[in-house]
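Chemist: Take a look at this one; I'll ask things after.
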Amino acid sequence: MSNAILVNRPKDLTVNWAQRIVDESFAGITVSKVEQIAIDVGTTTRVRIKVDHDGSQSIPRFWFVKMPSMAWRARMITSLPRLLPTEIRFYREMAPLIPIHKPAVLAAKSKLGLGSTLVLADVKESGGRPGRTSDELTADQAMLVINLLAELHAGFWQESPIEGDFSWMSGPVRKLEDHLGTALAVPLMKHGLRLANGVVDNSLFCPAIHYARRRREVMRFLGQGAQTIVHHDCHPGNLFWQQNKPGLLDWQMVRTGEGISDVAYFLATSLTPENRRCHEISLLNYYVETLQKKGIKVSLEDTLPRYRAHLIYPFEAMLVTLAVGGMMVKQDNLEMIRRAAAAVKELDTFSELPF
């Protein structure tokens, strides 16, 4: 696909730009107008546009465009680990193999030094509803998402490290991201805890900073189980709902890892603490049973300690998001910190870590 589709600012989304994308897949169709509907700036700049053209109704008229963030802090924290290029590679190479709902790709291009652009069909056009970071999922909705995650994980489950076509997801870029996370862990954790004062129980402060100092060791420990493809950012704002069935958006963090890490991230951020307490074990058991039906040898007894340990990551991720700033609506960010902190405290996550 031509470099001409690469854009770095919303004002670059012109009729000529849209025409170049249409020409790649739909010959003989003319674009007459591009209208910007909404702009959202976070880890990326996300723009919803309406594209008028003379093609059939089967060709999307509402597009969702992702480009590098216009917020300098977010851009700085996401550029070195190449999060948007990772998502673009996912959509170009892996998306057809993933057995779950995801948006259709209209264009995907990344070029070092020139930028990255991802263009998806807007899920709203086909009756879908994008999730919001403020969503509080019900137990029934959570069950559907757990089933989706089990389907994803079962399709790539291996007892040993994943090799071959998918090894890039644990390659140099992911290792660089882990190194950056470790190098910045202590200052970001301290700053996040200061900003979340009153939301995180004081009893978690010292063990959280201790974890940050030992982060490298903990990350190795959290990667010791059976490996699969994980989304690694499964919060309610990265879901969409179509005919009451969930799908996953925002694959910037995709990697190889333990499947239960996605489940921990999802339950810690998407359910209120009260709802999680009521349904946590039944949801975990459903995840295990779904994997078992697909021939995977797992048990709730072995899965529960790994679940407790992996709760540390959503807790850290939401505090880091707050510390960096500009990546999520602050009130939603604080609510997800509250949820994750409650899970970490109630399930005594720090006692499962190799301190």
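Labeling convention for the structure tokens: chains A, B, ... as they appear, residues from 1 per chain, ligands from 1 in order of appearance.
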Out of range 139-203 of chain A, which residues get helix (DSSP H, G or I) from DSSP, as a ChimeraX atom specification?
Modeler: /A:139-154,164-170,172-195,202-203
Chemist: Using only C-alpha atoms, which residues sit within 9 Å of Glu136 in chain A once same-chain residues fewer than 4 positions away are excluded, as JSON, numbers by chain?
Modeler: {"A": [236, 269, 270, 271, 272]}
Chemist: Find, counting only C-alpha atoms, the residue in A:Leu267, A:Leu114, A:Met169, A:Leu195 that gets nearest to His235 in chain A.
Modeler: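 Closest candidate: A:Leu267.
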Chemist: Please provide the set of residues having any atom within 10 Å of Asn3 in chain A, restricted to only C-alpha atoms, with same-chain residues fewer than 5 positions apart removed, written as a PyMOL selection string.
Modeler: chain A and resi 109-111+114-117
Chemist: Write to file, as a compact mmCIF listing (two decimals), in the first residue's frame, the residues of the selection just made, with C-alpha atoms.
Modeler:
# COMPACT_ATOMS: atom_id res chain seq x y z
CA LYS A 109 0.50 1.52 6.72
CA SER A 110 3.52 2.24 8.87
CA LYS A 111 6.83 3.65 7.65
CA LEU A 114 7.03 8.94 7.98
CA GLY A 115 4.43 7.84 10.50
CA SER A 116 1.62 5.31 10.86
CA THR A 117 -1.99 5.32 9.74
Chemist: Val34 in chain A: which residues within 6 Å, counting only C-alpha atoms, same-chain residues fewer than 3 positions away excluded, as a CSV table (one decimal) with C-alpha atoms, in the first residue's frame?
Modeler:
chain,number,residue,atom,x,y,z
A,15,VAL,CA,-10.9,14.0,-0.3
A,50,LYS,CA,-17.9,10.4,7.0
A,51,VAL,CA,-16.9,9.7,3.4
Chemist: Between A:Pro10, A:Pro305, A:Gly55, A:Gly259, which residue has the minimum interatomic distance to Glu35 in chain A, considering only C-alpha atoms?
Modeler: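 With only C-alpha atoms as the atom set, the closest residue is A:Pro10.
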